[in-house]
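Encoded as structure tokens, the structure appears first; notes follow it.
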Amino acid sequence: MLPSIWTLIGQAGTFLVFIFAVMKFVWPPLTQAMEERRQKIAEGLAHSEEAEHALERANAEAEELIRDARRKAGEIIEQASQRGNQLVEQAKEDAMGERDRQVAAAEAEIRQATNQAREALRERLAELAVAGANRVIEKEIDPQTHRAMLDKLAAEL
Amino acid sequence: MASNPELIEGVEGTTQCQMPSADAYVVHHITNLRMPKGADSMDPWVWHVDTMIVSALLGLFFLGFLYLAARRASAGVPGGLQNFVEMLVDFVDNSVKESFHGPRKFVAPLALTIFGLVFLWNLMDLVPVDYVPYALCEFFGVPYFRIVPSADINAPFGLSVTVLLLIIVYSIKGKGLGGFGKELFTHPFGKNPLLWIPNVLLNIVELIAKPVSLAMRLFGNLYAAELIFVLIALLPWWIQFIPGGAWAIFHILVVPLQAFIFMTLTIVYLSLAYEEH
């Protein structure tokens, strides 16, 4: 008579062999593959999070750098404008000095030329005076004897 | 698969769960639970209740399994169930990607369904052959019960007829009604009107051959496998675990392989239907 308790036991034996084979040869690689996959995903997620953090940090750093650079640029511009002002100031001063100096030199020259002209005039006048006096008194006046008097006359002119 | 109601109905009209001979035992194992009772096995209007119940339960199990995984799914590191389902989905999606180049929105879930369902059908072959039918008979008086849906030609054929319908749908979707009609009439011999009839005949044969070969391949493998388990159960109990164990271990290969083949061929057929050739 079939099935009997013995065929049922025999089938259980078959099933046990199958279960054992699955446990031994199918399950481990399957769970291992799953574990590997899980780990890979976990690593990937961790990496992406890390990268996000790094990006955040880099962004902050970049902002800091930009702010710094901006500040420095402002300083440099400030300095440059100050220096420019200084230079202009300096140039102005230099120019003033130069002008004064040139004016002074020109004045001195003028004065000298005036003096020379005056000197020449004085001499010429003295000669004219002597010549005039000669004509008036029609007699030669000895230049040696009247020299002092003539010089005094010229100085007074 | 002759129907032998007299084997099962005892003289007093009660159900007899133990078979008097090896012959009757084997026949009992390859007879489906039919509705209406005592209907001929070749009657097309007979219901194979056991196949329907088992495949419905397995389908529900598969759905529930995936639903559970989907509901608990998170974008973080996947836990055990999610990880397994993701692996399965990845595997099926890659298989589809390799051979089907159209939109995968429907084809990939279809492939996953086929793979999962056929896999579970085949897996039923590993349940010891007498346990479920004998228990159901002893405790509930159910005279026959086959628990391997893929070993009943109706289940694989039902699946493959669905595939045939999808082949036609995808042919029209990919090539248009005109393109599909034109191909039916002008392939493979040419567009001379004299060749139209041979073309159509050949195309019909080709179309029909696809679901038939799909269903037959699965059915043949699992029917033979089931029969061998039944025959092994006829051996003395203390030796059964050797051939039985070997056959069961061989099933570790057969069960997923047949499911994979059914799935892959479905994808290939749909891809052939969808693309111009």
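Here's how to read the names in the structure tokens: chain A, B, ... by the order shown, residue numbers from 1 in each chain, ligand numbers from 1 in the order shown.
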Please extract the residues of region 168-238 of chain B with a backbone DSSP assignment of helix (DSSP H, G or I) and present them as an mmCIF file with C-alpha atoms, in the first residue's frame.
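The result, written out as result18.cif:
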data_model
loop_
_atom_site.group_PDB
_atom_site.id
_atom_site.type_symbol
_atom_site.label_atom_id
_atom_site.label_comp_id
_atom_site.auth_asym_id
_atom_site.auth_seq_id
_atom_site.Cartn_x
_atom_site.Cartn_y
_atom_site.Cartn_z
ATOM 1 C CA ILE B 168 1.253 40.281 -31.296
ATOM 2 C CA VAL B 169 0.730 43.445 -29.247
ATOM 3 C CA TYR B 170 4.412 44.317 -29.446
ATOM 4 C CA SER B 171 4.555 43.570 -33.171
ATOM 5 C CA ILE B 172 1.805 46.099 -33.729
ATOM 6 C CA LYS B 173 3.329 48.532 -31.249
ATOM 7 C CA GLY B 174 6.780 48.333 -32.831
ATOM 8 C CA LYS B 175 5.882 48.164 -36.514
ATOM 9 C CA GLY B 176 2.362 49.538 -36.656
ATOM 10 C CA LEU B 177 -0.666 47.583 -37.810
ATOM 11 C CA GLY B 178 0.349 48.067 -41.452
ATOM 12 C CA GLY B 179 3.948 47.088 -40.840
ATOM 13 C CA PHE B 180 2.940 43.956 -38.992
ATOM 14 C CA GLY B 181 0.415 43.017 -41.701
ATOM 15 C CA LYS B 182 2.957 43.682 -44.412
ATOM 16 C CA GLU B 183 5.477 41.495 -42.651
ATOM 17 C CA LEU B 184 2.909 38.703 -42.315
ATOM 18 C CA PHE B 185 2.277 38.764 -46.058
ATOM 19 C CA THR B 186 5.729 39.480 -47.484
ATOM 20 C CA PRO B 193 1.167 38.181 -54.506
ATOM 21 C CA LEU B 194 1.619 34.518 -55.396
ATOM 22 C CA LEU B 195 3.766 34.131 -52.294
ATOM 23 C CA TRP B 196 1.328 35.754 -49.919
ATOM 24 C CA ILE B 197 -0.387 32.544 -48.886
ATOM 25 C CA PRO B 198 2.822 30.601 -48.179
ATOM 26 C CA ASN B 199 4.162 33.606 -46.290
ATOM 27 C CA VAL B 200 1.104 33.860 -44.090
ATOM 28 C CA LEU B 201 1.091 30.132 -43.435
ATOM 29 C CA LEU B 202 4.736 30.119 -42.464
ATOM 30 C CA ASN B 203 4.329 33.152 -40.251
ATOM 31 C CA ILE B 204 1.396 31.559 -38.456
ATOM 32 C CA VAL B 205 3.439 28.431 -37.873
ATOM 33 C CA GLU B 206 6.279 30.563 -36.588
ATOM 34 C CA LEU B 207 3.996 32.479 -34.268
ATOM 35 C CA ILE B 208 2.327 29.372 -32.885
ATOM 36 C CA ALA B 209 5.640 27.573 -32.477
ATOM 37 C CA LYS B 210 6.829 30.164 -29.983
ATOM 38 C CA PRO B 211 4.282 29.621 -27.194
ATOM 39 C CA VAL B 212 4.165 25.892 -27.885
ATOM 40 C CA SER B 213 7.911 25.483 -27.545
ATOM 41 C CA LEU B 214 7.975 27.715 -24.450
ATOM 42 C CA ALA B 215 5.247 25.771 -22.714
ATOM 43 C CA MET B 216 6.455 22.337 -23.825
ATOM 44 C CA ARG B 217 10.017 22.940 -22.700
ATOM 45 C CA LEU B 218 8.969 23.917 -19.204
ATOM 46 C CA PHE B 219 6.259 21.310 -18.920
ATOM 47 C CA GLY B 220 8.449 18.506 -20.254
ATOM 48 C CA ASN B 221 11.281 19.248 -17.863
ATOM 49 C CA LEU B 222 9.135 19.505 -14.789
ATOM 50 C CA TYR B 223 6.774 16.678 -15.680
ATOM 51 C CA ALA B 224 9.679 14.313 -16.177
ATOM 52 C CA ALA B 225 11.306 15.568 -12.991
ATOM 53 C CA GLU B 226 8.155 15.021 -11.002
ATOM 54 C CA LEU B 227 7.714 11.557 -12.463
ATOM 55 C CA ILE B 228 11.242 10.629 -11.505
ATOM 56 C CA PHE B 229 10.615 11.776 -7.944
ATOM 57 C CA VAL B 230 7.487 9.601 -7.911
ATOM 58 C CA LEU B 231 9.446 6.633 -9.237
ATOM 59 C CA ILE B 232 12.172 7.187 -6.654
#
Exercise for review: Find the residues in chain A near chain B: any atom within 12 Å counts, using only C-alpha atoms. Write them as a PyMOL selection string.
Suggested key: chain A and resi 1-27+30-46+48-49
Only N, CA and C atoms, please: the residues just picked out, written as a compact mmCIF listing (two decimals), in the first residue's frame.
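Written output follows (selection-v5.txt):
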# COMPACT_ATOMS: atom_id res chain seq x y z
N MET A 1 0.85 -1.21 0.00
CA MET A 1 0.00 0.00 0.00
C MET A 1 0.88 1.25 0.00
N LEU A 2 0.62 2.10 -0.91
CA LEU A 2 1.45 3.31 -1.06
C LEU A 2 0.58 4.57 -0.97
N PRO A 3 1.04 5.65 -0.42
CA PRO A 3 2.30 5.76 0.30
C PRO A 3 2.22 5.16 1.70
N SER A 4 3.32 4.58 2.15
CA SER A 4 3.37 4.05 3.51
C SER A 4 4.21 4.99 4.36
N ILE A 5 4.24 4.74 5.62
CA ILE A 5 5.06 5.57 6.50
C ILE A 5 6.52 5.52 6.06
N TRP A 6 6.92 4.38 5.48
CA TRP A 6 8.32 4.24 5.07
C TRP A 6 8.64 5.09 3.84
N THR A 7 7.71 5.14 2.88
CA THR A 7 8.00 6.01 1.73
C THR A 7 8.05 7.48 2.19
N LEU A 8 7.20 7.80 3.15
CA LEU A 8 7.23 9.18 3.66
C LEU A 8 8.58 9.48 4.30
N ILE A 9 9.10 8.52 5.05
CA ILE A 9 10.42 8.72 5.67
C ILE A 9 11.51 8.81 4.60
N GLY A 10 11.39 7.93 3.60
CA GLY A 10 12.38 7.96 2.50
C GLY A 10 12.38 9.32 1.81
N GLN A 11 11.20 9.89 1.59
CA GLN A 11 11.12 11.20 0.94
C GLN A 11 11.71 12.29 1.84
N ALA A 12 11.50 12.10 3.15
CA ALA A 12 12.10 13.06 4.08
C ALA A 12 13.62 13.01 3.95
N GLY A 13 14.16 11.77 3.79
CA GLY A 13 15.62 11.64 3.60
C GLY A 13 16.08 12.40 2.37
N THR A 14 15.36 12.21 1.27
CA THR A 14 15.67 12.95 0.04
C THR A 14 15.68 14.46 0.30
N PHE A 15 14.65 14.90 1.00
CA PHE A 15 14.51 16.34 1.25
C PHE A 15 15.67 16.83 2.13
N LEU A 16 16.05 16.01 3.12
CA LEU A 16 17.17 16.39 3.98
C LEU A 16 18.45 16.55 3.19
N VAL A 17 18.69 15.59 2.26
CA VAL A 17 19.89 15.70 1.42
C VAL A 17 19.86 17.02 0.65
N PHE A 18 18.70 17.34 0.12
CA PHE A 18 18.56 18.59 -0.64
C PHE A 18 18.85 19.80 0.25
N ILE A 19 18.21 19.80 1.44
CA ILE A 19 18.41 20.93 2.36
C ILE A 19 19.88 21.08 2.69
N PHE A 20 20.52 19.92 2.95
CA PHE A 20 21.94 19.95 3.30
C PHE A 20 22.76 20.54 2.15
N ALA A 21 22.45 20.11 0.93
CA ALA A 21 23.20 20.61 -0.23
C ALA A 21 23.01 22.12 -0.39
N VAL A 22 21.79 22.55 -0.21
CA VAL A 22 21.53 23.99 -0.33
C VAL A 22 22.30 24.75 0.74
N MET A 23 22.24 24.21 1.96
CA MET A 23 22.91 24.87 3.08
C MET A 23 24.41 24.96 2.84
N LYS A 24 24.93 23.88 2.24
CA LYS A 24 26.37 23.76 2.09
C LYS A 24 26.88 24.52 0.86
N PHE A 25 26.15 24.40 -0.25
CA PHE A 25 26.72 24.89 -1.52
C PHE A 25 25.98 26.07 -2.14
N VAL A 26 24.75 26.28 -1.76
CA VAL A 26 24.00 27.37 -2.40
C VAL A 26 23.93 28.58 -1.49
N TRP A 27 23.65 28.32 -0.23
CA TRP A 27 23.42 29.43 0.69
C TRP A 27 24.65 30.30 0.89
N LEU A 30 25.48 32.69 -1.92
CA LEU A 30 24.39 33.64 -2.08
C LEU A 30 24.46 34.73 -1.00
N THR A 31 24.59 34.28 0.25
CA THR A 31 24.65 35.27 1.33
C THR A 31 25.91 36.11 1.20
N GLN A 32 26.97 35.47 0.73
CA GLN A 32 28.22 36.23 0.57
C GLN A 32 28.06 37.31 -0.49
N ALA A 33 27.43 36.91 -1.60
CA ALA A 33 27.19 37.90 -2.66
C ALA A 33 26.33 39.05 -2.13
N MET A 34 25.31 38.69 -1.34
CA MET A 34 24.45 39.72 -0.79
C MET A 34 25.22 40.64 0.15
N GLU A 35 26.06 40.01 0.97
CA GLU A 35 26.83 40.79 1.94
C GLU A 35 27.79 41.73 1.20
N GLU A 36 28.43 41.19 0.15
CA GLU A 36 29.36 42.01 -0.64
C GLU A 36 28.63 43.20 -1.26
N ARG A 37 27.46 42.89 -1.79
CA ARG A 37 26.68 43.94 -2.42
C ARG A 37 26.32 45.01 -1.38
N ARG A 38 25.90 44.53 -0.19
CA ARG A 38 25.51 45.45 0.86
C ARG A 38 26.69 46.35 1.24
N GLN A 39 27.86 45.68 1.35
CA GLN A 39 29.04 46.43 1.76
C GLN A 39 29.41 47.47 0.72
N LYS A 40 29.32 47.04 -0.54
CA LYS A 40 29.67 47.96 -1.62
C LYS A 40 28.77 49.19 -1.58
N ILE A 41 27.49 48.93 -1.38
CA ILE A 41 26.55 50.05 -1.32
C ILE A 41 26.86 50.95 -0.13
N ALA A 42 27.14 50.29 1.02
CA ALA A 42 27.45 51.07 2.22
C ALA A 42 28.68 51.94 1.98
N GLU A 43 29.70 51.32 1.38
CA GLU A 43 30.92 52.08 1.08
C GLU A 43 30.63 53.25 0.14
N GLY A 44 29.86 52.94 -0.89
CA GLY A 44 29.53 53.99 -1.85
C GLY A 44 28.82 55.15 -1.19
N LEU A 45 27.86 54.81 -0.32
CA LEU A 45 27.12 55.88 0.35
C LEU A 45 28.04 56.68 1.25
N ALA A 46 28.93 55.94 1.97
CA ALA A 46 29.85 56.63 2.87
C ALA A 46 30.75 57.57 2.07
N SER A 48 30.17 58.96 -0.79
CA SER A 48 29.45 60.12 -1.33
C SER A 48 29.23 61.15 -0.22
N GLU A 49 28.95 60.63 0.99
CA GLU A 49 28.74 61.56 2.10
C GLU A 49 30.04 62.33 2.39
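Atom to atom, CA of Pro133 (chain B) and CA of His28 (chain B) stand 9.6 Å apart.
Atom pair CA of Met35 (chain B) / CA of Leu136 (chain B): separated by 16.6 Å.
If you measure from each of B:Tyr269, B:Tyr67, B:Phe61, B:Trp47 to Trp121 (chain B) using only C-alpha atoms, the closest one turns out to be B:Phe61.
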Of B:Phe157, B:Phe106, B:Phe100, B:Phe140, the one nearest to Thr264 (chain B) when counting only C-alpha atoms is B:Phe100
Long-range neighbours of Leu150 (chain A) as a compact mmCIF listing (two decimals) with N, CA and C atoms, in the first residue's frame, 9 Å cut-off, only C-alpha atoms, 5 positions minimum in chain:
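Resulting contents of around-v3.txt:
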# COMPACT_ATOMS: atom_id res chain seq x y z
N ALA A 126 80.09 159.39 -17.28
CA ALA A 126 81.29 160.05 -16.78
C ALA A 126 82.11 160.59 -17.95
N ALA A 129 80.33 163.43 -19.39
CA ALA A 129 80.45 164.59 -18.51
C ALA A 129 81.81 165.24 -18.67
N VAL A 130 82.84 164.33 -18.74
CA VAL A 130 84.19 164.87 -18.90
C VAL A 130 84.28 165.59 -20.24
N PRO A 143 92.68 164.25 -16.18
CA PRO A 143 91.85 163.21 -15.57
C PRO A 143 92.40 162.70 -14.25
N ALA A 155 79.03 158.27 -9.05
CA ALA A 155 78.32 157.47 -8.03
C ALA A 155 76.99 158.10 -7.68
